[in-house]
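Student: Below: one structure in structure tokens.
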Amino acid sequence: MEIRPLTPDDDLTAQLSLGERAFGVMSPAAREGWLRRNEDPVADGRFFAVFDGGRQVGGAAWHDMRQWWAGREVPMAGVAAVKIAPEVRGQGLGRQLMIEVLREIAARGYPLSALYPATMPIYRALGWELAGGRYHAVVPARALRSIAPPDKAIAGGSGQGVPGGYPRESGAPPRASTVPDDMLRPAMPALRPAARGDAAEVIAVIGRAHQAARDLGPVTRDLASVQSWFNASPGAYRYLCDDGFISYQWQPGNGGLFADWMVAASPGAQRALLALLAGHSSTADTVELRTSPDSPLWWLLRERDAKLVKRSMWMLRVVDLQAAITSRGFAAGITGAVRMTVVDDARSPNAGTWELTVFGGAGAVEKVGADPEALTVGARGLAALYAGTPVQTLRLAGLATGGLPADDALLTGAFAGTAYMLDDF
């Protein structure tokens with residue numbers, strides 16, 4: 001058996017056939033799109049294959065991505081298309097393939113790697129761990145026609161920046177606003193259709209939205225991938241403004257819409273995107289959206305009409321601990337230092353005792369001597385912590401031990417958040 005990167009001279013359709021054996025047969029259009037999307041990974045040496053003689057019996061690729069962590073963008077290798085032919089399974093080829101993939105990801109300088117697992121033991125054995133989810137919510141389309149206005153009590157209390165609002169004398173009690181709901185609503189920007197030529201702007205808008213929200217986990221892709229995405233989905237409708245973007249399409253057979261991407265960096269853009277979907281309510285029964293657990297959607301609906309219907313969990317791997325920490329954003333109000341011992345058999349540069357310091361929304365680490373009182377985590381615990389999992393949860397799951405209560409409080413506060421993705425790869 002040989003494991004090596006595919007080259008343009010190799011038969012990429014062999015990987016497509018392996019994927020269909022593992023995950024199901026694609027439509028002709030999906031097959032064509034898959035081949036087109038994977039030309040760049042092959043050309044860049046990011047698609048590894050397992051060869052038995054001249055026959056391909058396994059493979060795995062990764063996408064060049066950027067992942068947002070508390071206002072900062074961190075390079076991330078998004079692993080996908082991992083499969084082994086049924087007739088050669090059980091020989092350890094999958095593990096050896098992922099060892100080679102992880103080695104190459106590290107050699108290229110990625111601080112992080114993420115993947116959506118079909119099965120978890122193989123990835124856990126190499127240091128990936130559950131970190132966040134991709135969430136789908138379903139809401140009746142009619143519920144989007146009447147979005148809740150901003151809080152009158154807030155508008156009436158300050159009177160600042162609200163048309164028709166009234167400033168009050170210092171020390172006077174707040175009074176109920178008499179401003180009509182329509183005047184409270186922020187101005188909605190005009191949306192324009194987005195096409196392949198707008199790919200760079202789409203990337204920038206998505207990045208600004210995640211940066212402003214200090215989100216944990218969402219990704220942006222490289223220009224070529226986004227351009228390919230536009231070409232691969234002819235049935236999708238995409239709209240753009242300076243601080244918002246949406247992509248949606250009709251769901252075959254159920255009379256509803258599916259919004260696979262919707263981000264906004266301002267209240268006006270948020271309402272404009274929802275209004276666009278609401279405009280289909282005369283013909284669409286429901287709207288399904290990829291969203292986050294704390295999306296503004298939940299606070300904008302007048303009734304409890306939205307329901308989470310799906311959660312796909314993804315896994316994270318800290319490939320380069322020092323780069324991952326210094327690249328990430330942290331909670332701005334947390335300051336302090338803690339010592340942490342990391343056990344990482346697959347990535348020896350991560351192993352050892354580190355002093356982590358957080359200050360002003362940033363972090364730094366340096367190697368120190370062994371400390372028997374330091375909090376101890378393995379690669380899995382490190383990944384889960386990085387994604388915002390509380391230290392006490394790690395302790396209960398057997399992923400952390402040692403340390404002091406003050407260490408738990410500092411780490412939990414510094415990394416805090418609920419990680420999620422909108423992307424699927």
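Labels used: A, B, ... for chains in the order of the structure tokens, numbers from 1 for residues in each chain, and numbers from 1 for ligands as shown.
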Find the spatial neighbours of A:Leu422, counting only C-alpha atoms, within a cut-off of 12 Å - ignore same-chain residues fewer than 3 positions away - and output them as a PyMOL selection string.

Tutor: chain A and resi 67-68+132-137+206+210+215-221+246-247+259-263+289-293+295+311-314+419+425

Student: For the residues in the current selection, export C-alpha atoms as a CSV table (one decimal), in the first residue's frame.

Tutor:
```
chain,number,residue,atom,x,y,z
A,67,GLN,CA,-12.0,30.1,10.9
A,68,TRP,CA,-13.3,32.9,13.1
A,132,GLY,CA,-19.4,22.7,17.8
A,133,GLY,CA,-22.4,22.2,15.6
A,134,ARG,CA,-24.0,23.2,12.4
A,135,TYR,CA,-27.6,24.0,13.3
A,136,HIS,CA,-30.7,24.1,11.1
A,137,ALA,CA,-33.9,26.0,12.2
A,206,ILE,CA,-19.1,37.2,5.6
A,210,HIS,CA,-18.4,37.1,12.0
A,215,ASP,CA,-18.3,34.4,16.6
A,216,LEU,CA,-16.6,31.1,17.4
A,217,GLY,CA,-16.1,28.6,14.6
A,218,PRO,CA,-17.6,29.9,11.4
A,219,VAL,CA,-15.4,29.8,8.3
A,220,THR,CA,-14.6,31.7,5.2
A,221,ARG,CA,-13.2,30.0,2.1
A,246,ILE,CA,-27.8,35.4,1.9
A,247,SER,CA,-27.9,32.3,-0.3
A,259,ALA,CA,-31.1,29.3,3.3
A,260,ASP,CA,-27.7,27.7,3.5
A,261,TRP,CA,-26.0,31.0,4.3
A,262,MET,CA,-27.3,34.1,5.9
A,263,VAL,CA,-25.1,36.6,7.8
A,289,LEU,CA,-32.0,28.2,7.7
A,290,ARG,CA,-28.5,27.3,8.8
A,291,THR,CA,-28.1,29.4,11.9
A,292,SER,CA,-26.4,29.6,15.3
A,293,PRO,CA,-27.9,28.8,18.7
A,295,SER,CA,-28.9,33.9,16.2
A,311,ARG,CA,-27.5,19.6,14.6
A,312,SER,CA,-24.5,18.1,12.9
A,313,MET,CA,-21.5,18.1,15.2
A,314,TRP,CA,-18.0,18.8,13.9
A,419,ALA,CA,-18.9,27.3,18.5
A,425,PHE,CA,-17.6,20.3,3.7
```

Student: I want to know what sits within 8 Å of A:Ala284, based on only C-alpha atoms, with residues of the same chain fewer than 6 positions away left out; could you give that as a ChimeraX atom specification?

Tutor: /A:141,255-257

Student: Need to verify the contact set: A:Phe48, 7 Å, only C-alpha atoms, exclusion of same-chain residues closer than 4 positions in sequence. Can you return it as number ranges by chain?

Tutor: A: 3-6, 59-61

Student: According to DSSP computed on the backbone, where in stretch 57-303 of chain A is there alpha helix (DSSP H)? Give the residues as number ranges by chain.

Tutor: A: 93-107, 121-124, 152-158, 181-184, 199-213, 223-232, 267-278, 297-300

Student: May I have all residues of stretch 241-398 of chain A that DSSP, computed from the backbone, assigns to strand (DSSP E or B), given as an MDAnalysis selection string?

Tutor: chainID A and resid 241 244:251 256:264 286:291 307:318 336:343 352:359 362:368 375:378

Student: Please list as a list in words every residue within 8 Å of A:Phe415, counting only C-alpha atoms and excluding residues in the same chain fewer than 3 positions away.

Tutor: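 The residues that qualify are Phe330, Ala331, Leu385, Tyr386, Ala387, Gly388, Thr389, Leu411 and Thr412 of chain A.
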
Student: Smallest atom-to-atom distance to A:Ala80: which of A:Ala275, A:Asp424, A:Ala379, A:Ala194, using only C-alpha atoms?

Tutor: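 When distances to A:Ala80 are compared using only C-alpha atoms, the smallest one comes from A:Asp424.
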
Student: Using only C-alpha atoms for the distances, tell me which of A:Ser27, A:Asn38, A:Gln270, A:Thr286 is nearest to A:Arg185.

Tutor: A:Gln270

Student: Using only C-alpha atoms for the distances, tell me which of A:Asp320, A:Gly90, A:Met315, A:Asp294 is nearest to A:Pro117.

Tutor: A:Met315

Student: Which of these, A:Gly33, A:Gly94, A:Gly54, A:Pro193, has the shortest distance to A:Tyr239 once you count only C-alpha atoms?

Tutor: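 Checking each candidate against A:Tyr239, we get A:Pro193 as the closest.
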
Student: Do you have the atom CA of A:Ala306-atom CA of A:Pro140 distance handy?

Tutor: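 Interatomic distance here is 7.4 Å.
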
Student: Of the candidates A:Val318, A:Ile99, A:Val358, A:Ala107, which shows the shortest atom-to-atom distance to A:Arg380, using only C-alpha atoms?

Tutor: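 Between A:Val318, A:Ile99, A:Val358, A:Ala107, the residue approaching A:Arg380 most closely is A:Val318.
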
Student: Please identify all polymer residues within 9 Å of A:Leu191, counting only C-alpha atoms, omitting same-chain residues fewer than 6 positions from it, and present them as an MDAnalysis selection string.

Tutor: chainID A and resid 239:242 244:245 269 272:273 276

Student: Using only C-alpha atoms, which residue out of A:Ala351, A:Arg238, A:Gln227, A:Gln251 lies closest to A:Arg192?

Tutor: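 Closest candidate: A:Arg238.
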
Student: What lies within 10 Å of A:Leu16 using only C-alpha atoms, ignoring chain neighbours under 4 positions off, as a list in words?

Tutor: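 The residues satisfying every condition are Asp11, Leu12, Glu20, Arg21, Ala22, Val25, Met26, Arg31, Glu32, Trp34, Leu35, Asn38, Gly59 and Ala81 of chain A.
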
Student: I need the residues from that last selection saved to file as a PDB file, in the first residue's frame (with C-alpha atoms), if you can.

Tutor:
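What landed in result-v4.pdb:
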```pdb
ATOM      1  CA  ASP A  11      -7.805   9.542 -12.134  1.00  0.00           C
ATOM      2  CA  LEU A  12      -9.943  11.741  -9.875  1.00  0.00           C
ATOM      3  CA  GLU A  20     -20.261   7.028  -3.790  1.00  0.00           C
ATOM      4  CA  ARG A  21     -19.554   3.560  -2.381  1.00  0.00           C
ATOM      5  CA  ALA A  22     -19.071   5.102   1.056  1.00  0.00           C
ATOM      6  CA  VAL A  25     -24.657   7.792  -5.396  1.00  0.00           C
ATOM      7  CA  MET A  26     -24.709  11.411  -6.567  1.00  0.00           C
ATOM      8  CA  ARG A  31     -20.863  14.458  -9.704  1.00  0.00           C
ATOM      9  CA  GLU A  32     -19.776  17.178 -12.113  1.00  0.00           C
ATOM     10  CA  TRP A  34     -17.653  17.438  -7.058  1.00  0.00           C
ATOM     11  CA  LEU A  35     -15.032  16.863  -9.739  1.00  0.00           C
ATOM     12  CA  ASN A  38     -11.673  19.069  -6.181  1.00  0.00           C
ATOM     13  CA  GLY A  59      -8.504   9.031   0.018  1.00  0.00           C
ATOM     14  CA  ALA A  81     -13.844  13.166   1.576  1.00  0.00           C
TER      15      ALA A  81
END
```

Student: In Å, rounded to a single decimal, give me how far atom CA of A:Pro150 is from atom CA of A:Gly268.

Tutor: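 Calculated distance between atom CA of A:Gly268 and atom CA of A:Pro150 is 11.2 Å.
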
Student: Mind pulling up the distance from atom CA of A:Glu288 to atom CA of A:Tyr420?

Tutor: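 Atom-to-atom, atom CA of A:Tyr420 to atom CA of A:Glu288, that is 16.7 Å.
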
Student: Near A:Ile334, within 12 Å and counting only C-alpha atoms, which residues show up once chain neighbours fewer than 5 positions away are dropped, as a list of chain:residue names?

Tutor: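 The contact residues come out as A:Gly329, A:Thr357, A:Val358, A:Phe359, A:Gly360, A:Gly361, A:Ala362, A:Gly363, A:Ala409, A:Leu410, A:Leu411, A:Thr412, A:Gly413, A:Ala414, A:Phe415, A:Ala416.
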